[in-house]
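Visitor: Just one file: entry_22.cif, with mmCIF, C-alpha atoms.
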```
data_run
loop_
_atom_site.label_atom_id
_atom_site.label_comp_id
_atom_site.auth_asym_id
_atom_site.auth_seq_id
_atom_site.Cartn_x
_atom_site.Cartn_y
_atom_site.Cartn_z
CA MET A 1 140.76 155.02 91.34
CA GLY A 2 137.81 156.06 93.50
CA ILE A 3 134.38 154.65 94.24
CA GLY A 4 132.97 156.35 91.15
CA CYS A 5 135.55 154.66 88.92
CA ASN A 6 134.68 151.30 90.48
CA ILE A 7 130.98 151.92 89.78
CA ARG A 8 131.64 152.96 86.18
CA ALA A 9 133.92 149.97 85.55
CA ALA A 10 131.35 147.53 86.99
CA ARG A 11 128.56 149.15 84.98
CA LYS A 12 130.53 148.94 81.74
CA ARG A 13 131.57 145.32 82.37
CA LYS A 14 127.88 144.50 82.66
CA ASN A 15 127.02 146.54 79.53
CA LEU A 16 124.60 148.76 81.44
CA SER A 17 123.92 152.41 80.68
CA ILE A 18 123.69 155.11 83.34
CA GLN A 19 120.00 155.34 82.43
CA GLN A 20 119.48 151.65 83.23
CA ILE A 21 121.16 152.08 86.63
CA CYS A 22 118.98 155.13 87.30
CA GLU A 23 115.84 153.17 86.43
CA ARG A 24 116.87 150.45 88.90
CA THR A 25 117.83 152.85 91.70
CA GLY A 26 115.54 155.86 91.24
CA LEU A 27 118.59 158.17 91.09
CA SER A 28 118.94 160.93 88.51
CA GLN A 29 121.32 160.62 85.58
CA GLY A 30 123.05 163.85 86.60
CA PHE A 31 123.69 162.51 90.11
CA MET A 32 124.97 159.18 88.75
CA SER A 33 127.30 161.02 86.38
CA GLN A 34 128.67 163.05 89.30
CA VAL A 35 129.15 159.87 91.34
CA GLU A 36 130.97 158.09 88.51
CA ASN A 37 133.23 161.12 88.00
CA ASN A 38 134.01 161.27 91.74
CA LYS A 39 132.46 164.74 92.00
CA THR A 40 130.09 163.72 94.79
CA SER A 41 130.17 161.08 97.49
CA PRO A 42 127.02 158.99 97.77
CA SER A 43 125.69 157.83 101.13
CA ILE A 44 126.09 154.21 102.17
CA ALA A 45 122.38 153.66 101.48
CA THR A 46 122.79 155.05 97.95
CA LEU A 47 125.92 152.94 97.39
CA ASP A 48 124.00 149.89 98.55
CA SER A 49 121.25 150.68 96.04
CA ILE A 50 123.83 151.08 93.24
CA ALA A 51 125.57 147.85 94.26
CA ASN A 52 122.25 146.00 94.14
CA ALA A 53 121.50 147.46 90.70
CA LEU A 54 124.93 146.28 89.51
CA LYS A 55 124.56 142.93 91.30
CA VAL A 56 127.93 143.34 93.06
CA PRO A 57 128.72 143.30 96.79
CA LEU A 58 128.76 146.77 98.34
CA ALA A 59 132.28 146.13 99.66
CA PHE A 60 133.52 145.65 96.06
CA LEU A 61 132.66 149.26 95.26
CA LEU A 62 134.77 150.43 98.23
CA LEU A 63 137.97 148.59 97.28
CA LYS A 64 141.11 150.57 96.56
CA GLU A 65 143.09 149.56 93.46
CA GLU A 66 145.74 147.72 95.51
CA GLU A 67 143.01 145.75 97.32
CA ARG A 68 141.42 144.41 94.15
CA MET A 69 142.07 141.02 92.65
CA GLN A 70 145.54 140.78 91.17
CA VAL A 71 146.30 138.41 88.30
CA ILE A 72 149.86 137.35 87.50
CA ARG A 73 150.20 135.27 84.35
CA LYS A 74 152.78 132.47 84.47
CA ASP A 75 155.02 134.22 81.93
CA GLU A 76 154.83 137.51 83.90
CA ARG A 77 156.00 136.16 87.28
CA ARG A 78 158.95 137.78 88.98
CA LYS A 79 161.71 135.19 89.21
CA THR A 80 164.73 135.21 91.46
CA ILE A 81 167.65 132.87 92.05
CA TYR A 82 168.46 131.96 95.66
CA GLY A 83 171.80 130.85 97.06
CA LYS A 84 174.85 129.06 95.68
CA ASN A 85 172.69 126.18 94.46
CA LYS A 86 170.71 128.63 92.33
CA LEU A 87 167.27 127.61 93.53
CA GLN A 88 164.71 129.14 91.20
CA VAL A 89 162.01 131.08 93.02
CA ASP A 90 158.85 132.13 91.17
CA HIS A 91 156.99 134.84 93.06
CA LEU A 92 153.34 133.92 92.55
CA GLY A 93 151.84 136.96 94.20
CA GLY A 94 150.69 138.32 97.46
CA GLN A 95 147.92 140.09 99.25
CA GLY A 96 148.64 142.23 102.27
CA ASN A 97 150.97 140.31 104.54
CA VAL A 98 150.70 136.98 102.67
CA LYS A 99 153.09 136.03 99.86
CA MET A 100 153.30 132.85 97.76
CA MET A 101 156.32 131.39 96.02
CA LEU A 102 157.12 128.31 93.99
CA VAL A 103 160.64 126.97 94.56
CA ASP A 104 162.38 124.53 92.24
CA MET A 105 165.25 122.58 93.81
CA PRO A 106 167.48 120.50 91.53
CA PRO A 107 168.59 117.11 92.91
CA GLY A 108 171.13 117.53 95.73
CA SER A 109 170.51 121.26 96.08
CA SER A 110 169.79 122.89 99.41
CA THR A 111 169.47 126.17 101.20
CA GLU A 112 173.18 125.48 102.05
CA GLU A 113 172.91 126.21 105.75
CA GLU A 114 170.35 127.06 108.32
CA HIS A 115 168.93 130.51 107.83
CA ALA A 116 166.25 132.59 109.53
CA HIS A 117 164.05 135.51 108.52
CA ALA A 118 160.75 137.12 109.45
CA GLY A 119 157.43 135.37 108.95
CA ASP A 120 155.54 132.13 109.26
CA GLU A 121 155.68 129.65 106.38
CA ILE A 122 153.52 126.81 105.11
CA HIS A 123 155.10 124.49 102.53
CA PHE A 124 153.47 122.00 100.17
CA VAL A 125 155.76 119.54 98.41
CA MET A 126 154.42 119.26 94.87
CA GLU A 127 157.19 117.08 93.43
CA GLY A 128 160.25 115.26 94.68
CA THR A 129 161.64 114.31 98.08
CA VAL A 130 163.00 116.88 100.51
CA TYR A 131 164.63 116.73 103.91
CA VAL A 132 163.87 119.66 106.23
CA GLU A 133 165.10 120.52 109.68
CA GLN A 134 164.55 123.21 112.24
CA GLY A 135 166.26 122.93 115.61
CA GLU A 136 165.72 119.40 116.88
CA ASP A 137 162.86 118.72 114.44
CA SER A 138 163.45 117.09 111.06
CA ALA A 139 161.42 115.24 108.44
CA THR A 140 161.68 113.65 105.02
CA LEU A 141 158.76 114.73 102.87
CA GLU A 142 157.44 113.58 99.53
CA ALA A 143 154.98 114.91 96.96
CA GLY A 144 151.67 115.64 98.64
CA ASP A 145 153.18 116.26 102.10
CA SER A 146 153.17 119.64 103.77
CA PHE A 147 154.87 121.30 106.73
CA SER A 148 154.99 124.68 108.44
CA TRP A 149 157.34 126.61 110.68
CA ARG A 150 158.20 129.96 112.16
CA ALA A 151 160.84 131.26 109.79
CA ALA A 152 162.54 133.29 112.55
CA ILE A 153 163.89 129.97 113.89
CA PRO A 154 166.88 128.81 111.77
CA HIS A 155 165.82 126.21 109.22
CA TYR A 156 167.27 124.14 106.39
CA ALA A 157 165.93 122.27 103.38
CA LYS A 158 167.59 119.87 100.90
CA ASN A 159 166.37 117.94 97.88
CA ILE A 160 167.46 114.36 98.71
CA GLY A 161 165.69 112.80 95.74
CA GLU A 162 166.96 111.92 92.28
CA ASN A 163 164.55 114.33 90.55
CA ASN A 164 163.69 117.99 90.79
CA ALA A 165 161.75 119.01 93.89
CA ARG A 166 159.05 121.66 93.64
CA ILE A 167 157.69 123.33 96.76
CA LEU A 168 154.81 125.78 97.03
CA ILE A 169 155.45 128.19 99.91
CA SER A 170 153.03 130.60 101.53
CA VAL A 171 154.60 133.20 103.82
CA PHE A 172 152.78 135.32 106.36
CA LEU A 173 154.65 138.43 107.52
CA GLU A 174 153.72 140.59 110.51
CA ALA A 175 154.50 143.68 108.44
CA GLU A 176 154.25 143.94 104.65
CA ASN A 177 157.84 145.19 104.39
CA ASP A 178 159.42 142.16 106.17
CA VAL A 179 160.33 140.37 102.94
#
```
How would this structure read if it were set down as structure tokens?
Guide:
Amino acid sequence: MGIGCNIRAARKRKNLSIQQICERTGLSQGFMSQVENNKTSPSIATLDSIANALKVPLAFLLLKEEERMQVIRKDERRKTIYGKNKLQVDHLGGQGNVKMMLVDMPPGSSTEEEHAHAGDEIHFVMEGTVYVEQGEDSATLEAGDSFSWRAAIPHYAKNIGENNARILISVFLEAENDV
């Protein structure tokens, strides 16, 4: 999808005709048609004029498909099972080097042993009570608490409560392929 496709999609979402855009920008209909069909590349000044006519940020018109907003519906999430305790991991999505997951830990379940991997993590305990440790550091956390660590240092987590624990995890990776 090129710039022209982004322009056409934005124009159609706003129920505007090419003629209306041309009236707002002073551009010819033939030129706008060529732009929308990716047969010509407009200057930055022309793109800015088109963006203003569409009432969208100029940068929006320059986005590649993979850079655009991604929506993952709850019933479309990729789900995986982790470890012997079968921790359920819902992959909520990601953008660039940032990924988000939702982990459900049944009572008494854990990551079994310390493990390490690439990335930096931020955790938010949504439900339950968990015990976490990394090296000499440890903490017992409850719903509403958060913690972070460098995942390359071995770490461990266990649900020490009587109910399910649910943890929202955001992972930053130096390289997109370090999953």
Visitor: Between A:Asp145, A:Leu173, A:Thr80, A:Arg150, which is the closest to A:Gln95 once you count all atoms listed in the file?
Guide: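 With all atoms listed in the file as the atom set, the closest residue is A:Leu173.
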Visitor: I need the residue set behind the PyMOL selection byres ((chain A and resi 111) around 7) for this file; please write it as a list in words.
Guide: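 Against this file, the PyMOL selection byres ((chain A and resi 111) around 7) returns the residues Gly83, Ser110, Glu112, Glu113, Tyr156, Ala157 and Lys158 of chain A.
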Visitor: Pull the neighbourhood of (146.7, 140.4, 90.7) for me: all residues within 10 Å in file coordinates, counting only C-alpha atoms, as a list in words.
Guide: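 All residues meeting the 10 Å criterion around (146.7, 140.4, 90.7) are Glu66, Glu67, Arg68, Met69, Gln70, Val71, Ile72, Arg73, Leu92, Gly93, Gly94 and Gln95 of chain A.
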Visitor: Taking only C-alpha atoms into account, which of A:Glu121, A:Glu162, A:Glu114, A:Asp75 comes nearest A:Met101?
Guide: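 Between A:Glu121, A:Glu162, A:Glu114, A:Asp75, the residue approaching A:Met101 most closely is A:Glu121.
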Visitor: Applying 12 Å and all atoms listed in the file, which residues near A:Asp104 remain after dropping the ones on its own chain fewer than 4 positions away? List them as a PDB file with C-alpha atoms, in the coordinates of the input.
Guide:
```pdb
ATOM      1  CA  LYS A  79     161.710 135.190  89.210  1.00  0.00           C
ATOM      2  CA  THR A  80     164.730 135.210  91.460  1.00  0.00           C
ATOM      3  CA  ILE A  81     167.650 132.870  92.050  1.00  0.00           C
ATOM      4  CA  TYR A  82     168.460 131.960  95.660  1.00  0.00           C
ATOM      5  CA  ASN A  85     172.690 126.180  94.460  1.00  0.00           C
ATOM      6  CA  LYS A  86     170.710 128.630  92.330  1.00  0.00           C
ATOM      7  CA  LEU A  87     167.270 127.610  93.530  1.00  0.00           C
ATOM      8  CA  GLN A  88     164.710 129.140  91.200  1.00  0.00           C
ATOM      9  CA  VAL A  89     162.010 131.080  93.020  1.00  0.00           C
ATOM     10  CA  ASP A  90     158.850 132.130  91.170  1.00  0.00           C
ATOM     11  CA  HIS A  91     156.990 134.840  93.060  1.00  0.00           C
ATOM     12  CA  GLY A 108     171.130 117.530  95.730  1.00  0.00           C
ATOM     13  CA  SER A 109     170.510 121.260  96.080  1.00  0.00           C
ATOM     14  CA  SER A 110     169.790 122.890  99.410  1.00  0.00           C
ATOM     15  CA  THR A 111     169.470 126.170 101.200  1.00  0.00           C
ATOM     16  CA  VAL A 125     155.760 119.540  98.410  1.00  0.00           C
ATOM     17  CA  MET A 126     154.420 119.260  94.870  1.00  0.00           C
ATOM     18  CA  GLU A 127     157.190 117.080  93.430  1.00  0.00           C
ATOM     19  CA  GLY A 128     160.250 115.260  94.680  1.00  0.00           C
ATOM     20  CA  THR A 129     161.640 114.310  98.080  1.00  0.00           C
ATOM     21  CA  VAL A 130     163.000 116.880 100.510  1.00  0.00           C
ATOM     22  CA  ALA A 157     165.930 122.270 103.380  1.00  0.00           C
ATOM     23  CA  LYS A 158     167.590 119.870 100.900  1.00  0.00           C
ATOM     24  CA  ASN A 159     166.370 117.940  97.880  1.00  0.00           C
ATOM     25  CA  ASN A 163     164.550 114.330  90.550  1.00  0.00           C
ATOM     26  CA  ASN A 164     163.690 117.990  90.790  1.00  0.00           C
ATOM     27  CA  ALA A 165     161.750 119.010  93.890  1.00  0.00           C
ATOM     28  CA  ARG A 166     159.050 121.660  93.640  1.00  0.00           C
ATOM     29  CA  ILE A 167     157.690 123.330  96.760  1.00  0.00           C
ATOM     30  CA  LEU A 168     154.810 125.780  97.030  1.00  0.00           C
ATOM     31  CA  ILE A 169     155.450 128.190  99.910  1.00  0.00           C
TER      32      ILE A 169
END
```
Visitor: Spell out the residues picked by the PyMOL selection byres ((chain A and resi 61-64) around 12) here, as a PyMOL selection string.
Guide: chain A and resi 1-11+35-36+41-42+44+46-52+54-60+65-69
Visitor: Distance atom CA of A:Gly119-atom CA of A:Gly161, one decimal place?
Guide: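 Result for atom CA of A:Gly119 versus atom CA of A:Gly161: 27.4 Å, one decimal.
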Visitor: Using atom CA of A:Gly144 and atom CA of A:Val171 as the two end points, give the distance in Å to one decimal.
Guide: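 Taking atom CA of A:Gly144 as the start and atom CA of A:Val171 as the end point, the length is 18.5 Å.
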Visitor: Quick one: residues within 12 Å of A:Gln20, all atoms listed in the file counted, chain neighbours fewer than 6 positions away excluded, as a PyMOL selection string?
Guide: chain A and resi 11-12+14+26-29+32+50+53-54
Visitor: So how far away is atom CA of A:Ala143 from atom CA of A:Leu102, in Å?
Guide: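 Distance reported for this atom pair: 13.9 Å.
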Visitor: Using 5 Å of padding on each side, determine the axis-aligned box around all atoms of stretch 169-174 of chain A present in the file and give its centre and edge lengths in Å to one decimal, as lines of an AutoDock Vina configuration file.
Guide:
```
center_x = 154.1
center_y = 134.4
center_z = 105.2
size_x = 12.7
size_y = 22.4
size_z = 20.6
```
Visitor: Identify which of the residues A:Thr25, A:Ile18, A:Glu174, A:Phe147 lies closest to A:Lys99, counting all atoms listed in the file when measuring atom-to-atom distances.
Guide: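 Using all atoms listed in the file, the shortest distance to A:Lys99 belongs to A:Glu174.
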Visitor: Please provide the set of residues having any atom within 6 Å of A:His155, restricted to only C-alpha atoms, with same-chain residues fewer than 4 positions apart removed, written as a ChimeraX atom specification.
Guide: /A:114-115,133-134
Visitor: Reconstruct N, CA and C atoms of stretch 135-148 of chain A from the incomplete input and present them as a tab-separated table (two decimals), keeping the file's coordinate frame.
Guide:
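Full text of result_27.tsv as output:
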```
chain	number	residue	atom	x	y	z
A	135	GLY	N	165.92	123.31	114.24
A	135	GLY	CA	166.26	122.93	115.61
A	135	GLY	C	166.39	121.44	115.72
A	136	GLU	N	165.68	120.85	116.67
A	136	GLU	CA	165.72	119.40	116.88
A	136	GLU	C	164.72	118.64	116.02
A	137	ASP	N	163.87	119.35	115.29
A	137	ASP	CA	162.86	118.72	114.44
A	137	ASP	C	163.39	118.51	113.04
A	138	SER	N	163.07	117.36	112.44
A	138	SER	CA	163.45	117.09	111.06
A	138	SER	C	162.43	116.13	110.46
A	139	ALA	N	162.36	116.13	109.13
A	139	ALA	CA	161.42	115.24	108.44
A	139	ALA	C	161.86	115.06	107.00
A	140	THR	N	161.53	113.91	106.45
A	140	THR	CA	161.68	113.65	105.02
A	140	THR	C	160.27	113.68	104.44
A	141	LEU	N	160.09	114.50	103.44
A	141	LEU	CA	158.76	114.73	102.87
A	141	LEU	C	158.74	114.41	101.39
A	142	GLU	N	157.61	113.91	100.94
A	142	GLU	CA	157.44	113.58	99.53
A	142	GLU	C	156.25	114.33	98.96
A	143	ALA	N	156.09	114.22	97.64
A	143	ALA	CA	154.98	114.91	96.96
A	143	ALA	C	153.67	114.66	97.69
A	144	GLY	N	152.94	115.72	97.94
A	144	GLY	CA	151.67	115.64	98.64
A	144	GLY	C	151.77	115.96	100.12
A	145	ASP	N	152.98	115.93	100.68
A	145	ASP	CA	153.18	116.26	102.10
A	145	ASP	C	153.29	117.77	102.27
A	146	SER	N	153.01	118.23	103.47
A	146	SER	CA	153.17	119.64	103.77
A	146	SER	C	153.76	119.81	105.16
A	147	PHE	N	154.32	120.99	105.42
A	147	PHE	CA	154.87	121.30	106.73
A	147	PHE	C	154.85	122.81	106.92
A	148	SER	N	154.98	123.24	108.15
A	148	SER	CA	154.99	124.68	108.44
A	148	SER	C	155.98	124.95	109.56
```
